[in-house]
$ cat input_2.pdb   # PDB, C-alpha atoms, pLDDT in the B column
MODEL        1
ATOM      1  CA  ASP A1230      -9.894   1.337   6.017  1.00 60.00           C
ATOM      2  CA  ALA A1231     -12.691  -0.941   7.079  1.00 65.00           C
ATOM      3  CA  LYS A1232     -11.284  -3.782   9.147  1.00 86.00           C
ATOM      4  CA  THR A1233     -11.730  -7.529   8.826  1.00 93.00           C
ATOM      5  CA  THR A1234     -11.524 -10.149  11.562  1.00 94.00           C
ATOM      6  CA  GLN A1235     -10.470 -13.739  10.952  1.00 96.00           C
ATOM      7  CA  PRO A1236      -9.570 -16.655  13.212  1.00 97.00           C
ATOM      8  CA  ASN A1237      -5.830 -17.016  13.648  1.00 95.00           C
ATOM      9  CA  SER A1238      -5.758 -20.650  12.595  1.00 97.00           C
ATOM     10  CA  MET A1239      -7.862 -23.532  11.355  1.00 97.00           C
ATOM     11  CA  GLU A1240      -7.248 -27.179  10.634  1.00 96.00           C
ATOM     12  CA  SER A1241      -8.752 -29.444   8.046  1.00 96.00           C
ATOM     13  CA  ASN A1242      -8.374 -32.982   6.850  1.00 96.00           C
ATOM     14  CA  GLU A1243      -7.339 -33.624   3.304  1.00 96.00           C
ATOM     15  CA  GLU A1244     -10.208 -33.923   0.822  1.00 95.00           C
ATOM     16  CA  GLU A1245     -12.715 -32.462   3.246  1.00 95.00           C
ATOM     17  CA  PRO A1246     -14.431 -29.082   2.748  1.00 95.00           C
ATOM     18  CA  VAL A1247     -13.082 -26.057   4.579  1.00 97.00           C
ATOM     19  CA  HIS A1248     -15.066 -22.995   5.559  1.00 98.00           C
ATOM     20  CA  LEU A1249     -12.934 -19.970   6.397  1.00 98.00           C
ATOM     21  CA  PRO A1250     -14.924 -17.155   8.040  1.00 97.00           C
ATOM     22  CA  CYS A1251     -14.350 -13.417   7.907  1.00 97.00           C
ATOM     23  CA  ASN A1252     -16.168 -10.648   9.742  1.00 96.00           C
ATOM     24  CA  HIS A1253     -16.323  -7.166   8.275  1.00 94.00           C
ATOM     25  CA  SER A1254     -19.041  -5.440  10.260  1.00 93.00           C
ATOM     26  CA  THR A1255     -17.987  -1.920   9.173  1.00 90.00           C
ATOM     27  CA  ILE A1256     -18.083  -2.686   5.463  1.00 91.00           C
ATOM     28  CA  SER A1257     -19.360   0.130   3.279  1.00 87.00           C
ATOM     29  CA  GLY A1258     -21.506  -0.131   0.191  1.00 87.00           C
ATOM     30  CA  THR A1259     -18.560   0.438  -2.120  1.00 83.00           C
ATOM     31  CA  ASP A1260     -16.323  -2.247  -0.609  1.00 88.00           C
ATOM     32  CA  TYR A1261     -15.593  -5.439  -2.489  1.00 90.00           C
ATOM     33  CA  ILE A1262     -14.682  -8.506  -0.425  1.00 93.00           C
ATOM     34  CA  HIS A1263     -11.435 -10.059  -1.634  1.00 94.00           C
ATOM     35  CA  TRP A1264      -9.672 -13.223  -0.539  1.00 96.00           C
ATOM     36  CA  TYR A1265      -5.998 -13.870  -1.075  1.00 96.00           C
ATOM     37  CA  ARG A1266      -3.776 -16.676   0.082  1.00 97.00           C
ATOM     38  CA  GLN A1267      -0.061 -16.827   0.738  1.00 96.00           C
ATOM     39  CA  LEU A1268       1.786 -20.079   0.303  1.00 95.00           C
ATOM     40  CA  PRO A1269       5.092 -20.496   2.150  1.00 91.00           C
ATOM     41  CA  SER A1270       7.886 -18.357   0.699  1.00 90.00           C
ATOM     42  CA  GLN A1271       5.605 -16.795  -1.910  1.00 93.00           C
ATOM     43  CA  GLY A1272       3.717 -13.557  -2.384  1.00 94.00           C
ATOM     44  CA  PRO A1273      -0.013 -13.415  -1.743  1.00 95.00           C
ATOM     45  CA  GLU A1274      -2.150 -14.619  -4.625  1.00 95.00           C
ATOM     46  CA  TYR A1275      -5.718 -13.779  -5.529  1.00 93.00           C
ATOM     47  CA  VAL A1276      -8.357 -16.377  -4.746  1.00 96.00           C
ATOM     48  CA  ILE A1277     -11.771 -14.818  -5.276  1.00 95.00           C
ATOM     49  CA  HIS A1278     -13.782 -11.660  -4.747  1.00 93.00           C
ATOM     50  CA  GLY A1279     -17.386 -10.505  -4.613  1.00 92.00           C
ATOM     51  CA  LEU A1280     -19.653  -7.594  -3.837  1.00 92.00           C
ATOM     52  CA  THR A1281     -23.071  -8.913  -2.848  1.00 93.00           C
ATOM     53  CA  SER A1282     -23.776 -12.230  -4.530  1.00 91.00           C
ATOM     54  CA  ASN A1283     -22.088 -15.543  -3.883  1.00 92.00           C
ATOM     55  CA  VAL A1284     -19.271 -16.302  -6.294  1.00 93.00           C
ATOM     56  CA  ASN A1285     -17.667 -19.469  -7.591  1.00 94.00           C
ATOM     57  CA  ASN A1286     -14.437 -20.035  -9.464  1.00 91.00           C
ATOM     58  CA  ARG A1287     -12.103 -22.941 -10.066  1.00 90.00           C
ATOM     59  CA  MET A1288     -10.283 -22.353  -6.797  1.00 89.00           C
ATOM     60  CA  ALA A1289     -13.063 -21.716  -4.316  1.00 95.00           C
ATOM     61  CA  SER A1290     -16.500 -20.348  -3.539  1.00 97.00           C
ATOM     62  CA  LEU A1291     -17.339 -17.171  -1.684  1.00 97.00           C
ATOM     63  CA  ALA A1292     -20.495 -16.956   0.359  1.00 97.00           C
ATOM     64  CA  ILE A1293     -21.500 -13.424   1.373  1.00 97.00           C
ATOM     65  CA  ALA A1294     -24.019 -12.790   4.126  1.00 96.00           C
ATOM     66  CA  GLU A1295     -27.126 -10.896   3.152  1.00 95.00           C
ATOM     67  CA  ASP A1296     -26.124  -7.909   5.308  1.00 95.00           C
ATOM     68  CA  ARG A1297     -22.549  -8.170   3.917  1.00 95.00           C
ATOM     69  CA  LYS A1298     -21.079  -8.015   7.404  1.00 95.00           C
ATOM     70  CA  SER A1299     -19.476 -11.403   7.057  1.00 96.00           C
ATOM     71  CA  SER A1300     -18.319 -13.804   4.390  1.00 97.00           C
ATOM     72  CA  THR A1301     -17.015 -17.342   4.116  1.00 97.00           C
ATOM     73  CA  LEU A1302     -14.406 -18.737   1.788  1.00 98.00           C
ATOM     74  CA  ILE A1303     -15.198 -22.330   0.919  1.00 97.00           C
ATOM     75  CA  LEU A1304     -12.591 -24.777  -0.317  1.00 97.00           C
ATOM     76  CA  HIS A1305     -14.653 -27.724  -1.482  1.00 94.00           C
ATOM     77  CA  ARG A1306     -11.969 -30.378  -1.119  1.00 94.00           C
ATOM     78  CA  ALA A1307      -8.859 -29.321   0.734  1.00 95.00           C
ATOM     79  CA  THR A1308      -5.527 -30.622  -0.506  1.00 96.00           C
ATOM     80  CA  LEU A1309      -2.128 -30.422   1.116  1.00 96.00           C
ATOM     81  CA  ARG A1310      -1.274 -27.658  -1.363  1.00 94.00           C
ATOM     82  CA  ASP A1311      -4.039 -25.514   0.113  1.00 96.00           C
ATOM     83  CA  ALA A1312      -2.076 -25.111   3.340  1.00 97.00           C
ATOM     84  CA  ALA A1313      -1.457 -21.375   3.457  1.00 97.00           C
ATOM     85  CA  VAL A1314      -2.362 -18.120   5.156  1.00 97.00           C
ATOM     86  CA  TYR A1315      -5.709 -16.869   3.886  1.00 98.00           C
ATOM     87  CA  TYR A1316      -6.429 -13.147   3.955  1.00 96.00           C
ATOM     88  CA  CYS A1317      -9.817 -11.513   3.724  1.00 96.00           C
ATOM     89  CA  ILE A1318      -9.582  -7.831   2.748  1.00 93.00           C
ATOM     90  CA  LEU A1319     -11.890  -5.092   1.603  1.00 90.00           C
ATOM     91  CA  ARG A1320     -11.176  -3.237  -1.619  1.00 85.00           C
ATOM     92  CA  SER A1321     -13.010   0.051  -1.904  1.00 78.00           C
ATOM     93  CA  THR A1322     -14.116   1.588  -5.159  1.00 68.00           C
ATOM     94  CA  ASN A1323     -13.080   4.939  -3.697  1.00 60.00           C
ATOM     95  CA  ALA A1324      -9.530   4.149  -2.657  1.00 59.00           C
ATOM     96  CA  GLY A1325      -6.760   2.077  -4.158  1.00 71.00           C
ATOM     97  CA  LYS A1326      -5.053   0.865  -1.035  1.00 75.00           C
ATOM     98  CA  SER A1327      -5.927  -2.237   0.939  1.00 79.00           C
ATOM     99  CA  THR A1328      -4.850  -3.245   4.413  1.00 81.00           C
ATOM    100  CA  PHE A1329      -4.105  -6.877   5.168  1.00 87.00           C
ATOM    101  CA  GLY A1330      -4.773  -8.258   8.631  1.00 86.00           C
ATOM    102  CA  ASP A1331      -3.107 -11.309  10.135  1.00 88.00           C
ATOM    103  CA  GLY A1332      -5.161 -13.774   8.118  1.00 95.00           C
ATOM    104  CA  THR A1333      -6.027 -17.385   8.945  1.00 97.00           C
ATOM    105  CA  THR A1334      -3.323 -20.013   8.841  1.00 97.00           C
ATOM    106  CA  LEU A1335      -4.872 -23.143   7.361  1.00 97.00           C
ATOM    107  CA  THR A1336      -3.266 -26.464   8.172  1.00 97.00           C
ATOM    108  CA  VAL A1337      -4.324 -29.460   6.100  1.00 97.00           C
ATOM    109  CA  LYS A1338      -3.714 -32.873   7.598  1.00 96.00           C
ATOM    110  CA  PRO A1339      -3.247 -35.935   5.416  1.00 93.00           C
TER     111      PRO A1339
ATOM    112  CA  ASP B 622       2.172 -12.162 -18.877  1.00 64.00           C
ATOM    113  CA  ALA B 623       5.276 -12.381 -16.727  1.00 80.00           C
ATOM    114  CA  GLY B 624       3.553 -10.997 -13.689  1.00 94.00           C
ATOM    115  CA  VAL B 625       5.046  -8.488 -11.275  1.00 96.00           C
ATOM    116  CA  ILE B 626       8.820  -8.764 -11.396  1.00 97.00           C
ATOM    117  CA  GLN B 627      10.969  -7.852  -8.424  1.00 98.00           C
ATOM    118  CA  SER B 628      14.706  -7.713  -8.001  1.00 97.00           C
ATOM    119  CA  PRO B 629      16.805  -8.697  -6.241  1.00 97.00           C
ATOM    120  CA  ARG B 630      15.091 -11.809  -4.900  1.00 96.00           C
ATOM    121  CA  HIS B 631      17.514 -12.009  -1.997  1.00 97.00           C
ATOM    122  CA  GLU B 632      19.916  -9.456  -0.567  1.00 97.00           C
ATOM    123  CA  VAL B 633      22.191  -9.503   2.423  1.00 98.00           C
ATOM    124  CA  THR B 634      23.776  -6.187   3.270  1.00 97.00           C
ATOM    125  CA  GLU B 635      25.633  -4.569   6.123  1.00 97.00           C
ATOM    126  CA  MET B 636      24.078  -2.024   8.397  1.00 97.00           C
ATOM    127  CA  GLY B 637      24.510   1.478   7.046  1.00 97.00           C
ATOM    128  CA  GLN B 638      24.577   0.473   3.406  1.00 97.00           C
ATOM    129  CA  GLU B 639      22.062   1.696   0.853  1.00 97.00           C
ATOM    130  CA  VAL B 640      19.551  -0.831  -0.419  1.00 98.00           C
ATOM    131  CA  THR B 641      17.551  -0.423  -3.613  1.00 98.00           C
ATOM    132  CA  LEU B 642      14.687  -2.757  -4.418  1.00 98.00           C
ATOM    133  CA  ARG B 643      13.209  -2.733  -7.896  1.00 98.00           C
ATOM    134  CA  CYS B 644       9.811  -3.563  -9.317  1.00 98.00           C
ATOM    135  CA  LYS B 645       8.307  -3.913 -12.754  1.00 98.00           C
ATOM    136  CA  PRO B 646       4.510  -3.977 -12.562  1.00 96.00           C
ATOM    137  CA  ILE B 647       2.258  -5.841 -14.951  1.00 94.00           C
ATOM    138  CA  SER B 648       1.951  -3.964 -18.224  1.00 94.00           C
ATOM    139  CA  GLY B 649      -1.187  -1.845 -18.327  1.00 90.00           C
ATOM    140  CA  HIS B 650      -1.625  -1.675 -14.571  1.00 91.00           C
ATOM    141  CA  ASN B 651      -1.836   1.853 -13.246  1.00 89.00           C
ATOM    142  CA  SER B 652      -1.588   1.263  -9.496  1.00 90.00           C
ATOM    143  CA  LEU B 653       1.525   0.020  -7.728  1.00 94.00           C
ATOM    144  CA  PHE B 654       1.953  -0.944  -4.093  1.00 94.00           C
ATOM    145  CA  TRP B 655       4.951  -1.625  -1.867  1.00 97.00           C
ATOM    146  CA  TYR B 656       4.326  -3.898   1.124  1.00 96.00           C
ATOM    147  CA  ARG B 657       6.668  -5.110   3.851  1.00 97.00           C
ATOM    148  CA  GLN B 658       6.172  -8.389   5.686  1.00 96.00           C
ATOM    149  CA  THR B 659       7.694  -9.460   8.994  1.00 95.00           C
ATOM    150  CA  MET B 660       6.700 -12.057  11.537  1.00 91.00           C
ATOM    151  CA  MET B 661       6.004  -9.381  14.125  1.00 90.00           C
ATOM    152  CA  ARG B 662       4.000  -6.916  12.040  1.00 89.00           C
ATOM    153  CA  GLY B 663       2.557  -9.032   9.257  1.00 91.00           C
ATOM    154  CA  LEU B 664       1.927  -7.506   5.833  1.00 92.00           C
ATOM    155  CA  GLU B 665       2.151  -3.709   5.966  1.00 92.00           C
ATOM    156  CA  LEU B 666       1.401  -1.290   3.164  1.00 93.00           C
ATOM    157  CA  LEU B 667       4.266   1.166   2.832  1.00 95.00           C
ATOM    158  CA  ILE B 668       3.211   3.289  -0.124  1.00 95.00           C
ATOM    159  CA  TYR B 669       1.063   3.163  -3.201  1.00 91.00           C
ATOM    160  CA  PHE B 670       1.156   4.956  -6.529  1.00 93.00           C
ATOM    161  CA  ASN B 671      -1.590   5.660  -9.023  1.00 91.00           C
ATOM    162  CA  ASN B 672      -0.570   6.681 -12.529  1.00 92.00           C
ATOM    163  CA  ASN B 673       3.027   7.034 -11.281  1.00 94.00           C
ATOM    164  CA  VAL B 674       2.031   9.530  -8.589  1.00 94.00           C
ATOM    165  CA  PRO B 675       2.443   8.665  -4.889  1.00 94.00           C
ATOM    166  CA  ILE B 676      -1.045   8.712  -3.387  1.00 90.00           C
ATOM    167  CA  ASP B 677      -0.499   7.489   0.148  1.00 90.00           C
ATOM    168  CA  ASP B 678       2.896   7.097   1.808  1.00 92.00           C
ATOM    169  CA  SER B 679       1.614   7.071   5.374  1.00 91.00           C
ATOM    170  CA  GLY B 680       3.014   3.580   5.872  1.00 91.00           C
ATOM    171  CA  MET B 681       6.604   4.539   5.090  1.00 94.00           C
ATOM    172  CA  PRO B 682       8.354   3.984   8.418  1.00 87.00           C
ATOM    173  CA  GLU B 683      10.755   6.921   8.414  1.00 84.00           C
ATOM    174  CA  ASP B 684      12.887   9.206   6.317  1.00 90.00           C
ATOM    175  CA  ARG B 685      15.348   6.448   5.595  1.00 96.00           C
ATOM    176  CA  PHE B 686      12.774   4.963   3.239  1.00 97.00           C
ATOM    177  CA  SER B 687      11.931   6.489  -0.116  1.00 97.00           C
ATOM    178  CA  ALA B 688      10.057   5.249  -3.159  1.00 97.00           C
ATOM    179  CA  LYS B 689       9.895   6.472  -6.709  1.00 97.00           C
ATOM    180  CA  MET B 690       8.005   5.584  -9.838  1.00 97.00           C
ATOM    181  CA  PRO B 691       9.645   7.403 -12.741  1.00 97.00           C
ATOM    182  CA  ASN B 692       7.440   5.694 -15.319  1.00 95.00           C
ATOM    183  CA  ALA B 693       4.594   3.223 -15.613  1.00 95.00           C
ATOM    184  CA  SER B 694       6.876   0.223 -15.879  1.00 96.00           C
ATOM    185  CA  PHE B 695       9.343   0.759 -13.058  1.00 97.00           C
ATOM    186  CA  SER B 696       9.469   1.578  -9.369  1.00 98.00           C
ATOM    187  CA  THR B 697      12.149   1.570  -6.704  1.00 98.00           C
ATOM    188  CA  LEU B 698      12.108   1.374  -2.931  1.00 98.00           C
ATOM    189  CA  LYS B 699      15.281   2.689  -1.352  1.00 98.00           C
ATOM    190  CA  ILE B 700      16.517   2.356   2.205  1.00 97.00           C
ATOM    191  CA  GLN B 701      19.411   4.592   3.193  1.00 97.00           C
ATOM    192  CA  PRO B 702      20.999   3.897   5.582  1.00 96.00           C
ATOM    193  CA  SER B 703      19.778   0.372   6.222  1.00 97.00           C
ATOM    194  CA  GLU B 704      19.382  -1.027   9.737  1.00 96.00           C
ATOM    195  CA  PRO B 705      18.948  -4.601  11.024  1.00 97.00           C
ATOM    196  CA  ARG B 706      15.301  -3.895  11.865  1.00 96.00           C
ATOM    197  CA  ASP B 707      14.661  -3.343   8.154  1.00 97.00           C
ATOM    198  CA  SER B 708      15.168  -7.048   7.571  1.00 97.00           C
ATOM    199  CA  ALA B 709      11.940  -8.283   6.008  1.00 97.00           C
ATOM    200  CA  VAL B 710      10.345  -9.455   2.802  1.00 98.00           C
ATOM    201  CA  TYR B 711       9.354  -6.552   0.587  1.00 98.00           C
ATOM    202  CA  PHE B 712       6.550  -7.168  -1.870  1.00 97.00           C
ATOM    203  CA  CYS B 713       5.618  -5.101  -4.851  1.00 97.00           C
ATOM    204  CA  ALA B 714       2.097  -5.431  -6.238  1.00 95.00           C
ATOM    205  CA  SER B 715       0.111  -3.854  -9.018  1.00 93.00           C
ATOM    206  CA  ASN B 716      -3.447  -3.609 -10.242  1.00 89.00           C
ATOM    207  CA  GLN B 717      -5.503  -2.041 -12.960  1.00 85.00           C
ATOM    208  CA  GLY B 718      -7.708   0.762 -11.859  1.00 68.00           C
ATOM    209  CA  THR B 719      -8.624   1.890  -8.396  1.00 54.00           C
ATOM    210  CA  THR B 720     -11.947   0.121  -8.075  1.00 52.00           C
ATOM    211  CA  GLY B 721     -12.077  -3.224  -6.324  1.00 55.00           C
ATOM    212  CA  ASN B 722      -9.744  -4.910  -8.778  1.00 75.00           C
ATOM    213  CA  THR B 723      -7.432  -7.805  -8.134  1.00 85.00           C
ATOM    214  CA  ILE B 724      -3.995  -7.033  -6.753  1.00 90.00           C
ATOM    215  CA  TYR B 725      -1.144  -9.045  -8.248  1.00 93.00           C
ATOM    216  CA  PHE B 726       1.915  -9.568  -6.081  1.00 95.00           C
ATOM    217  CA  GLY B 727       5.496 -10.222  -7.010  1.00 96.00           C
ATOM    218  CA  GLU B 728       7.498 -12.968  -5.371  1.00 95.00           C
ATOM    219  CA  GLY B 729       9.152 -10.564  -2.984  1.00 97.00           C
ATOM    220  CA  SER B 730      12.620  -9.321  -2.180  1.00 98.00           C
ATOM    221  CA  TRP B 731      14.069 -10.991   0.910  1.00 97.00           C
ATOM    222  CA  LEU B 732      16.274  -8.452   2.682  1.00 98.00           C
ATOM    223  CA  THR B 733      18.649  -9.231   5.513  1.00 98.00           C
ATOM    224  CA  VAL B 734      20.592  -6.395   7.110  1.00 98.00           C
ATOM    225  CA  VAL B 735      23.424  -7.568   9.352  1.00 97.00           C
TER     226      VAL B 735
ENDMDL
END

$ encode --input "input_2.pdb" --output "structure tokens"
Amino acid sequence: DAKTTQPNSMESNEEEPVHLPCNHSTISGTDYIHWYRQLPSQGPEYVIHGLTSNVNNRMASLAIAEDRKSSTLILHRATLRDAAVYYCILRSTNAGKSTFGDGTTLTVKP
Amino acid sequence: DAGVIQSPRHEVTEMGQEVTLRCKPISGHNSLFWYRQTMMRGLELLIYFNNNVPIDDSGMPEDRFSAKMPNASFSTLKIQPSEPRDSAVYFCASNQGTTGNTIYFGEGSWLTVV
């Protein structure tokens, strides 16, 4: 599996934008970049994914570097409910399994 | 859709007892994953199935662990005999297809072995 690297933790103030980085320098051409988040006492939930182009949905935006070796999850206005562990993973078109790293623990301060 | 359904949600058992965790994937999904999460090791993939067939079980810790998927709507993860170090949250997840698709997780089975 191609690996991803994320900061262990980040802090944000409520209602401010948050940029969560992820490095995936060994990404292959068939790898999709997925982001999941895990709220306390819950299973991970899907946030967003992309292949090459930037993506937007109701939860967040995903900015993908031109060389695809890094990406950034953008929460436009953080709320207290966004406090969670955010995982960046690669999902290959050639293999079903995905490996989760340690993720980034996001703390949102009121 | 009800999502991925796991049972039991919580189980406390004594060392040496058999534990069976159950999972019903989302209807129509053909891949199923079992993950284990602990503070020390994070989220680990134990095994995954595609079309009811085990594809990769390299994450299964030892022979005490076994997983089956007798049909497309049901899977079990069994630990026999259980040990205190098996205490963890076990997540089942499913997705449709093998290509870059979203993985949907259940709410987990919280296992404590005393």

$ interface_residues --input "input_2.pdb" --of "chain A" --to "chain B" --cutoff "10 Å" --atoms "all atoms listed in the file" --output "PyMOL selection string"
chain A and resi 1259-1265+1270-1280+1319-1332

$ write_last_selection --input "input_2.pdb" --atoms "C-alpha atoms" --output "mmCIF file, keeping the file's coordinate frame"
data_model
loop_
_atom_site.group_PDB
_atom_site.id
_atom_site.type_symbol
_atom_site.label_atom_id
_atom_site.label_comp_id
_atom_site.auth_asym_id
_atom_site.auth_seq_id
_atom_site.Cartn_x
_atom_site.Cartn_y
_atom_site.Cartn_z
ATOM 1 C CA THR A 1259 -18.560 0.438 -2.120
ATOM 2 C CA ASP A 1260 -16.323 -2.247 -0.609
ATOM 3 C CA TYR A 1261 -15.593 -5.439 -2.489
ATOM 4 C CA ILE A 1262 -14.682 -8.506 -0.425
ATOM 5 C CA HIS A 1263 -11.435 -10.059 -1.634
ATOM 6 C CA TRP A 1264 -9.672 -13.223 -0.539
ATOM 7 C CA TYR A 1265 -5.998 -13.870 -1.075
ATOM 8 C CA SER A 1270 7.886 -18.357 0.699
ATOM 9 C CA GLN A 1271 5.605 -16.795 -1.910
ATOM 10 C CA GLY A 1272 3.717 -13.557 -2.384
ATOM 11 C CA PRO A 1273 -0.013 -13.415 -1.743
ATOM 12 C CA GLU A 1274 -2.150 -14.619 -4.625
ATOM 13 C CA TYR A 1275 -5.718 -13.779 -5.529
ATOM 14 C CA VAL A 1276 -8.357 -16.377 -4.746
ATOM 15 C CA ILE A 1277 -11.771 -14.818 -5.276
ATOM 16 C CA HIS A 1278 -13.782 -11.660 -4.747
ATOM 17 C CA GLY A 1279 -17.386 -10.505 -4.613
ATOM 18 C CA LEU A 1280 -19.653 -7.594 -3.837
ATOM 19 C CA LEU A 1319 -11.890 -5.092 1.603
ATOM 20 C CA ARG A 1320 -11.176 -3.237 -1.619
ATOM 21 C CA SER A 1321 -13.010 0.051 -1.904
ATOM 22 C CA THR A 1322 -14.116 1.588 -5.159
ATOM 23 C CA ASN A 1323 -13.080 4.939 -3.697
ATOM 24 C CA ALA A 1324 -9.530 4.149 -2.657
ATOM 25 C CA GLY A 1325 -6.760 2.077 -4.158
ATOM 26 C CA LYS A 1326 -5.053 0.865 -1.035
ATOM 27 C CA SER A 1327 -5.927 -2.237 0.939
ATOM 28 C CA THR A 1328 -4.850 -3.245 4.413
ATOM 29 C CA PHE A 1329 -4.105 -6.877 5.168
ATOM 30 C CA GLY A 1330 -4.773 -8.258 8.631
ATOM 31 C CA ASP A 1331 -3.107 -11.309 10.135
ATOM 32 C CA GLY A 1332 -5.161 -13.774 8.118
#

$ atom_distance --input "input_2.pdb" --atom1 "CA of Met661 in chain B" --atom2 "CA of Ser708 in chain B"
11.5 Å

$ residues_around --input "input_2.pdb" --residues "Arg1306 in chain A" --least-positions-apart "6" --cutoff "8 Å" --atoms "all atoms listed in the file" --output "PyMOL selection string"
chain A and resi 1243-1247

$ closest_residue --input "input_2.pdb" --among "A:Asn1283, A:Thr1336, A:Leu1249, A:Tyr1316" --to "Ile1303 in chain A" --atoms "all atoms listed in the file"
A:Leu1249

$ resolve_selection --input "input_2.pdb" --expression "the PyMOL selection byres ((chain A and resi 1293) around 8)" --output "compact mmCIF listing (two decimals) with C-alpha atoms, keeping the file's coordinate frame"
# COMPACT_ATOMS: atom_id res chain seq x y z
CA GLY A 1279 -17.39 -10.50 -4.61
CA THR A 1281 -23.07 -8.91 -2.85
CA SER A 1282 -23.78 -12.23 -4.53
CA ASN A 1283 -22.09 -15.54 -3.88
CA LEU A 1291 -17.34 -17.17 -1.68
CA ALA A 1292 -20.50 -16.96 0.36
CA ALA A 1294 -24.02 -12.79 4.13
CA GLU A 1295 -27.13 -10.90 3.15
CA ARG A 1297 -22.55 -8.17 3.92
CA SER A 1299 -19.48 -11.40 7.06
CA SER A 1300 -18.32 -13.80 4.39
CA THR A 1301 -17.02 -17.34 4.12

$ residues_around --input "input_2.pdb" --residues "range 687-694 of chain B" --least-positions-apart "4" --cutoff "10 Å" --atoms "all atoms listed in the file" --output "PyMOL selection string"
chain B and resi 641-653+655+667-675+678+681-683+698-701

$ closest_residue --input "input_2.pdb" --among "B:Thr733, B:Thr697, B:Ala623, B:Thr659" --to "Gln638 in chain B" --atoms "all atoms listed in the file"
B:Thr733

$ closest_residue --input "input_2.pdb" --among "A:Val1314, A:Pro1339, A:Ser1254, A:Leu1268" --to "Met1239 in chain A" --atoms "all atoms listed in the file"
A:Val1314

$ closest_residue --input "input_2.pdb" --among "A:Ser1241, A:Asn1285, A:Gln1267, A:Thr1255" --to "Lys1338 in chain A" --atoms "only C-alpha atoms"
A:Ser1241

$ atom_distance --input "input_2.pdb" --atom1 "CA of Pro705 in chain B" --atom2 "CA of Val633 in chain B"
10.4 Å

$ atom_distance --input "input_2.pdb" --atom1 "CA of Glu704 in chain B" --atom2 "CA of Glu635 in chain B"
8.0 Å

$ closest_residue --input "input_2.pdb" --among "A:Leu1309, A:Asp1296, A:Leu1335, A:Asn1237" --to "Ser1257 in chain A" --atoms "all atoms listed in the file"
A:Asp1296

$ build_atoms --input "input_2.pdb" --residues "range 1312-1323 of chain A" --atoms "N, CA, C and O atoms" --output "short mmCIF file (atom, residue, chain, number, x, y, z; two decimals), in the frame of the given file"
data_model
loop_
_atom_site.label_atom_id
_atom_site.label_comp_id
_atom_site.auth_asym_id
_atom_site.auth_seq_id
_atom_site.Cartn_x
_atom_site.Cartn_y
_atom_site.Cartn_z
N ALA A 1312 -2.60 -25.61 2.07
CA ALA A 1312 -2.08 -25.11 3.34
C ALA A 1312 -1.40 -23.76 3.09
O ALA A 1312 -0.44 -23.67 2.31
N ALA A 1313 -1.92 -22.73 3.73
CA ALA A 1313 -1.46 -21.38 3.46
C ALA A 1313 -2.07 -20.43 4.48
O ALA A 1313 -2.89 -20.84 5.30
N VAL A 1314 -1.68 -19.17 4.39
CA VAL A 1314 -2.36 -18.12 5.16
C VAL A 1314 -3.38 -17.48 4.23
O VAL A 1314 -3.05 -17.07 3.12
N TYR A 1315 -4.63 -17.42 4.69
CA TYR A 1315 -5.71 -16.87 3.89
C TYR A 1315 -6.10 -15.50 4.44
O TYR A 1315 -6.39 -15.37 5.63
N TYR A 1316 -6.10 -14.52 3.56
CA TYR A 1316 -6.43 -13.15 3.96
C TYR A 1316 -7.75 -12.72 3.35
O TYR A 1316 -7.99 -12.90 2.16
N CYS A 1317 -8.58 -12.13 4.17
CA CYS A 1317 -9.82 -11.51 3.72
C CYS A 1317 -9.61 -10.01 3.83
O CYS A 1317 -9.24 -9.50 4.89
N ILE A 1318 -9.78 -9.28 2.72
CA ILE A 1318 -9.58 -7.83 2.75
C ILE A 1318 -10.73 -7.15 2.02
O ILE A 1318 -11.45 -7.78 1.24
N LEU A 1319 -10.88 -5.89 2.28
CA LEU A 1319 -11.89 -5.09 1.60
C LEU A 1319 -11.21 -4.15 0.62
O LEU A 1319 -10.22 -3.51 0.96
N ARG A 1320 -11.74 -4.12 -0.59
CA ARG A 1320 -11.18 -3.24 -1.62
C ARG A 1320 -12.26 -2.23 -2.00
O ARG A 1320 -13.27 -2.59 -2.59
N SER A 1321 -12.02 -0.98 -1.66
CA SER A 1321 -13.01 0.05 -1.90
C SER A 1321 -12.95 0.55 -3.34
O SER A 1321 -11.89 0.59 -3.95
N THR A 1322 -14.11 0.96 -3.84
CA THR A 1322 -14.12 1.59 -5.16
C THR A 1322 -13.63 3.03 -5.08
O THR A 1322 -13.37 3.65 -6.09
N ASN A 1323 -13.49 3.54 -3.87
CA ASN A 1323 -13.08 4.94 -3.70
C ASN A 1323 -11.61 5.10 -3.33
O ASN A 1323 -11.12 6.21 -3.24
#
